[in-house]
2 protein chains.
Amino acid sequence: MNLWEQNIRKVVPYVPGEQPQQEDRIKLNTNENPYPPSPSVYQAHQSADVGSFALYPDPSAGELVKKLEGYYGLEDGQVFVGVGSDDVLSLAFLTFFNSEKPILFPDVTYSFYPVWADVYRIPYECVPLDDSFHICPEDYARPNGGVVIANPNAPTSMGLKRKEVEEIIRSNQDVIVIIDEAYIDFGGETALPLLKEYENLLVVRTYSKSRSLAGMRIGFAMGNKRLIQAMNDVKESINSYTMSQEAIRVGVAAIDDEEVFQQNLKKVIRTRERSKEELEKRGFIVFDSQTNFLFARHSQIPAEKLFDALRERRIYVRHFGSERIHNYLRITIGTDEQMDILFRALDEEIKNFY
Amino acid sequence: MNLWEQNIRKVVPYVPGEQPQQEDRIKLNTNENPYPPSPSVYQAHQSADVGSFALYPDPSAGELVKKLEGYYGLEDGQVFVGVGSDDVLSLAFLTFFNSEKPILFPDVTYSFYPVWADVYRIPYECVPLDDSFHICPEDYARPNGGVVIANPNAPTSMGLKRKEVEEIIRSNQDVIVIIDEAYIDFGGETALPLLKEYENLLVVRTYSKSRSLAGMRIGFAMGNKRLIQAMNDVKESINSYTMSQEAIRVGVAAIDDEEVFQQNLKKVIRTRERSKEELEKRGFIVFDSQTNFLFARHSQIPAEKLFDALRERRIYVRHFGSERIHNYLRITIGTDEQMDILFRALDEEIKNFY
């Protein structure tokens, strides 16, 4: 090993779902929205002044921040925006988790949490979900350096009630509690109303799922002004200009189309409930989902076998190797047509199996 | 202070140049390119498939990486892309500067270097420029945890010869040496040919200056595969999808317009040389510049006074408060028309002064 290699930071990176490029693939593996962005996004893109791309964007992304504060009924200084919610969450870890005590998060949850903890040298402990894969709020009532909870949780798809989230926050008022609401728009109970009562609460959201804008990289955090200021200070210590002109522009526009937004949510939820039934008919055990995906295992057939068989057919779902969930598949809700192709494929694979 | 505040990371953020929004302002304060992006960028923007914004971008930004590798005659795996060169440099600091020995950079240089060192808890020492504001390569031949050199240097505008850069690298083969070439296209001697000989060299570039795309946030690093892999691993531990579909698309397109690119560089360089003479005529002492800005002080009038007077006239240049350079102004090269407005304003201010 060269001497210069000794100082390279050692990490075990997160592995994102694959991004297959074939035209005819059915992509149900990274929880994208099957519907296109709203018409106002098309319009905003097309009317952009490309000449002005030569100039730096507003480093505070003020227009987008203001739009979100207005939409969510917050005050000036309560919103922080970043390059997808991963950027926002990663920055929140770096900003808020500087205790010597371990931070806490569930053993089965978004697999980026331990990766961020590792890269920033933050001690952590995983709190096991119960046997039915639920988060037990009382398990978080112990000394820690911070708490992060995905609600609804991924990949389990199940949400906590607001009362349960509040229980976690209430018993952790000396640390920052991050509620990662990437999937909240698909039916969960948001922690937003708790912002008024708990100044140690940070709620994180993304445009990548409900707003059909994964390709533009927009996420945001909501919290009290002291927390948002702290995040801005750390962000200004890393990269002043994170949000491109296009991201700011398109992010603002997406908020204007409330009707299309609500329609798309309804369509995804309807397809999700139908898909749950269809999977159950085919011998799957499926959790109740408040997200845009289903988490399911087949009563007979190993998940990995189904994953491989579907992949052969260019139907991409997600399979995680970790022990407690290695027999589950995470299936993103696509269009009804895409789901029907999945069901037909499953019919054939299940027939082949017996 | 609340208990939760104790664990917030303490930082002194970088202060970017202001982004005044008045229509009639003359903006010569953040080293943007006065010319618009190339026609292929307009074309790429307009033909984007907005519907596909619902999908995640390629996390490796493969198309853009490949384009840059081709353009610079590098092999697969020698380019890393990020959200502007600040994102790339910040990540390089986090990835490569993990020694207990201090990293070295000049006392007068890009003021983000000490900020990154602070936020990531990297020890550092500033190496003074000599009395004529030159970097002395021999000053870097001492034990350290890494070296970062802006070449040409900012805000001094002066470049090192390749031989001098090589001297710094040669005497530091046990650590990573980062050469920040944000301004190299305006006339400096690039370290790129040294990549073949020195595996501890990382060259960082940006689209924000020479390529007229500050608003889109694109930067990149070039180095040997081991270094680029290490950066990708750390990046995948923070944010898988940093480059938006639009940034990838536009970044690829910009490389296609070599002719327009070269023409714009020539225009900026011609205006720079003329501007240097005009400033000298008016009593300024101006360094030789290999960048798209001039670093100058007036023989009689304090820089702060001129800065304020120009600002009153909505002409924005940059003034830094730090001791060695507080009597200098950094003036971005605009169009000839913009520079003429500056010169007329200076004529009046200088007349008022006497």
# chains A, B, ... in the order shown; residues from 1 in each chain; ligands from 1
>>> interface_residues(of="chain A", to="chain B", cutoff="6 Å", atoms="only C-alpha atoms", output="ChimeraX atom specification")
/A:3-4,7-9,13-14,32,36,51,53-57,86-87,90,95-96,98-99,115,174-175,212-217,233,236-239,244-245
>>> residues_around(residues="Gly159 (chain B)", least_positions_apart="6", cutoff="8 Å", atoms="only C-alpha atoms", output="ChimeraX atom specification")
/B:151-153,188-189,289-290
>>> write_last_selection(atoms="N, CA and C atoms", output="short mmCIF file (atom, residue, chain, number, x, y, z; two decimals), in the first residue's frame")
data_model
loop_
_atom_site.label_atom_id
_atom_site.label_comp_id
_atom_site.auth_asym_id
_atom_site.auth_seq_id
_atom_site.Cartn_x
_atom_site.Cartn_y
_atom_site.Cartn_z
N ASN B 151 -4.45 26.70 -8.66
CA ASN B 151 -3.57 27.15 -9.73
C ASN B 151 -4.35 27.37 -11.02
N PRO B 152 -4.42 28.62 -11.50
CA PRO B 152 -3.94 29.86 -10.89
C PRO B 152 -4.57 30.07 -9.52
N ASN B 153 -3.86 30.83 -8.69
CA ASN B 153 -4.36 31.07 -7.35
C ASN B 153 -5.45 32.14 -7.37
N GLY B 188 -3.64 29.34 -17.68
CA GLY B 188 -2.65 28.70 -16.81
C GLY B 188 -2.05 27.45 -17.43
N GLU B 189 -1.04 26.90 -16.76
CA GLU B 189 -0.43 25.64 -17.21
C GLU B 189 -1.00 24.51 -16.38
N SER B 289 -2.64 38.37 -14.66
CA SER B 289 -3.70 37.39 -14.40
C SER B 289 -3.71 36.27 -15.42
N GLN B 290 -3.91 35.06 -14.94
CA GLN B 290 -4.17 33.93 -15.83
C GLN B 290 -5.58 33.40 -15.58
#
>>> closest_residue(among="B:Glu164, B:Gln229, B:Leu310, B:Leu68", to="Arg344 (chain B)", atoms="only C-alpha atoms")
B:Leu310
>>> residues_around(residues="region 273-284 of chain B", least_positions_apart="4", cutoff="6 Å", atoms="only C-alpha atoms", output="compact mmCIF listing (two decimals) with all heavy atoms, in the first residue's frame")
# COMPACT_ATOMS: atom_id res chain seq x y z
N ARG B 297 -4.84 46.87 -6.64
CA ARG B 297 -5.04 47.90 -5.61
C ARG B 297 -4.72 49.25 -6.22
O ARG B 297 -3.90 49.37 -7.14
CB ARG B 297 -4.17 47.63 -4.38
CG ARG B 297 -2.69 47.77 -4.61
CD ARG B 297 -1.91 47.45 -3.32
NE ARG B 297 -0.49 47.34 -3.62
CZ ARG B 297 0.34 48.38 -3.68
NH1 ARG B 297 -0.08 49.61 -3.46
NH2 ARG B 297 1.63 48.21 -3.99
N HIS B 298 -5.36 50.27 -5.71
CA HIS B 298 -5.10 51.60 -6.22
C HIS B 298 -3.94 52.21 -5.45
O HIS B 298 -3.79 51.98 -4.25
CB HIS B 298 -6.35 52.49 -6.09
CG HIS B 298 -6.25 53.73 -6.92
ND1 HIS B 298 -5.73 54.90 -6.43
CD2 HIS B 298 -6.56 53.95 -8.23
CE1 HIS B 298 -5.75 55.80 -7.40
NE2 HIS B 298 -6.24 55.25 -8.51
N SER B 299 -3.10 52.97 -6.15
CA SER B 299 -1.91 53.53 -5.49
C SER B 299 -2.28 54.54 -4.40
O SER B 299 -1.51 54.75 -3.48
CB SER B 299 -1.01 54.19 -6.54
OG SER B 299 -1.74 55.18 -7.23
>>> residues_around(residues="Ile315 (chain A)", least_positions_apart="4", cutoff="8 Å", atoms="only C-alpha atoms", output="list in words")
Arg25, Ile26, Lys27, Leu28, Leu310, Arg311 and Leu342 of chain A
>>> write_last_selection(atoms="C-alpha atoms", output="tab-separated table (two decimals), in the first residue's frame")
chain	number	residue	atom	x	y	z
A	25	ARG	CA	-37.94	-2.80	-18.44
A	26	ILE	CA	-40.53	-2.55	-15.67
A	27	LYS	CA	-38.85	-0.57	-12.95
A	28	LEU	CA	-40.37	-1.24	-9.53
A	310	LEU	CA	-38.50	-11.35	-12.29
A	311	ARG	CA	-35.19	-9.79	-13.15
A	342	LEU	CA	-45.88	-8.15	-12.68
>>> residues_around(residues="Ile135 (chain A)", least_positions_apart="6", cutoff="12 Å", atoms="only C-alpha atoms", output="PyMOL selection string")
chain A and resi 104-109+126-129+148-154+156-161+164-165+167-168
>>> residues_around(residues="Glu75 (chain A)", least_positions_apart="2", cutoff="9 Å", atoms="only C-alpha atoms", output="PyMOL selection string")
chain A and resi 66+69-70+73+77-79+224-225
>>> select_by_dssp(residues="region 83-186 of chain A", states="alpha helix (DSSP H)", output="number ranges by chain")
A: 84-96, 112-119, 162-170
>>> decode(residues="region 242-328 of chain B", atoms="C-alpha atoms", output="compact mmCIF listing (two decimals), in the first residue's frame")
# COMPACT_ATOMS: atom_id res chain seq x y z
CA THR B 242 -25.87 14.13 -6.63
CA MET B 243 -26.05 15.03 -10.32
CA SER B 244 -29.52 15.81 -11.62
CA GLN B 245 -30.62 14.55 -15.03
CA GLU B 246 -30.40 18.14 -16.24
CA ALA B 247 -26.86 18.68 -14.93
CA ILE B 248 -25.68 15.47 -16.63
CA ARG B 249 -27.38 16.38 -19.89
CA VAL B 250 -26.22 19.96 -20.03
CA GLY B 251 -22.73 19.02 -18.82
CA VAL B 252 -22.33 16.61 -21.72
CA ALA B 253 -23.65 19.10 -24.24
CA ALA B 254 -21.30 21.89 -23.13
CA ILE B 255 -18.30 19.76 -24.08
CA ASP B 256 -19.54 19.43 -27.65
CA ASP B 257 -19.10 23.10 -28.50
CA GLU B 258 -15.32 23.42 -28.56
CA GLU B 259 -15.33 26.31 -31.00
CA VAL B 260 -17.67 28.55 -29.03
CA PHE B 261 -15.79 27.58 -25.86
CA GLN B 262 -12.46 28.67 -27.31
CA GLN B 263 -13.93 31.86 -28.74
CA ASN B 264 -15.37 32.88 -25.38
CA LEU B 265 -12.07 32.18 -23.64
CA LYS B 266 -10.28 34.38 -26.15
CA LYS B 267 -12.80 37.18 -25.67
CA VAL B 268 -12.44 37.07 -21.89
CA ILE B 269 -8.64 37.02 -22.12
CA ARG B 270 -8.61 39.93 -24.58
CA THR B 271 -10.91 41.99 -22.36
CA ARG B 272 -8.79 41.07 -19.34
CA GLU B 273 -5.58 42.36 -20.91
CA ARG B 274 -7.25 45.55 -22.05
CA SER B 275 -8.83 45.99 -18.60
CA LYS B 276 -5.47 45.57 -16.93
CA GLU B 277 -4.08 48.44 -19.01
CA GLU B 278 -7.12 50.61 -18.36
CA LEU B 279 -6.80 50.04 -14.62
CA GLU B 280 -3.08 50.79 -14.69
CA LYS B 281 -3.78 54.04 -16.55
CA ARG B 282 -6.02 54.97 -13.62
CA GLY B 283 -3.38 54.41 -10.98
CA PHE B 284 -4.01 50.77 -10.10
CA ILE B 285 -1.30 48.21 -9.45
CA VAL B 286 -2.58 45.06 -11.15
CA PHE B 287 -1.14 41.54 -10.96
CA ASP B 288 -0.61 39.55 -14.14
CA SER B 289 -3.70 37.39 -14.40
CA GLN B 290 -4.17 33.93 -15.83
CA THR B 291 -7.80 33.88 -14.72
CA ASN B 292 -11.07 35.61 -15.59
CA PHE B 293 -10.53 38.28 -12.95
CA LEU B 294 -7.99 40.92 -11.98
CA PHE B 295 -6.55 41.49 -8.54
CA ALA B 296 -5.63 45.12 -8.08
CA ARG B 297 -5.04 47.90 -5.61
CA HIS B 298 -5.10 51.60 -6.22
CA SER B 299 -1.91 53.53 -5.49
CA GLN B 300 -3.82 56.17 -3.52
CA ILE B 301 -7.39 55.20 -2.76
CA PRO B 302 -8.27 52.54 -0.17
CA ALA B 303 -9.94 49.48 -1.70
CA GLU B 304 -12.86 49.57 0.69
CA LYS B 305 -13.66 53.14 -0.34
CA LEU B 306 -13.71 52.17 -4.02
CA PHE B 307 -15.69 49.03 -3.28
CA ASP B 308 -18.40 51.02 -1.49
CA ALA B 309 -18.49 53.74 -4.14
CA LEU B 310 -18.88 51.20 -6.93
CA ARG B 311 -21.53 49.35 -4.97
CA GLU B 312 -23.52 52.57 -4.68
CA ARG B 313 -23.48 52.62 -8.48
CA ARG B 314 -24.64 49.00 -8.59
CA ILE B 315 -21.27 47.86 -9.83
CA TYR B 316 -20.35 44.85 -7.73
CA VAL B 317 -16.72 43.79 -7.34
CA ARG B 318 -15.22 41.70 -4.51
CA HIS B 319 -13.37 42.96 -1.46
CA PHE B 320 -11.87 40.65 1.17
CA GLY B 321 -11.38 41.78 4.75
CA SER B 322 -8.35 39.64 5.59
CA GLU B 323 -5.21 41.51 6.55
CA ARG B 324 -2.77 40.94 3.70
CA ILE B 325 -5.26 41.71 0.96
CA HIS B 326 -7.65 44.21 2.50
CA ASN B 327 -6.42 46.92 0.17
CA TYR B 328 -7.12 44.92 -2.99
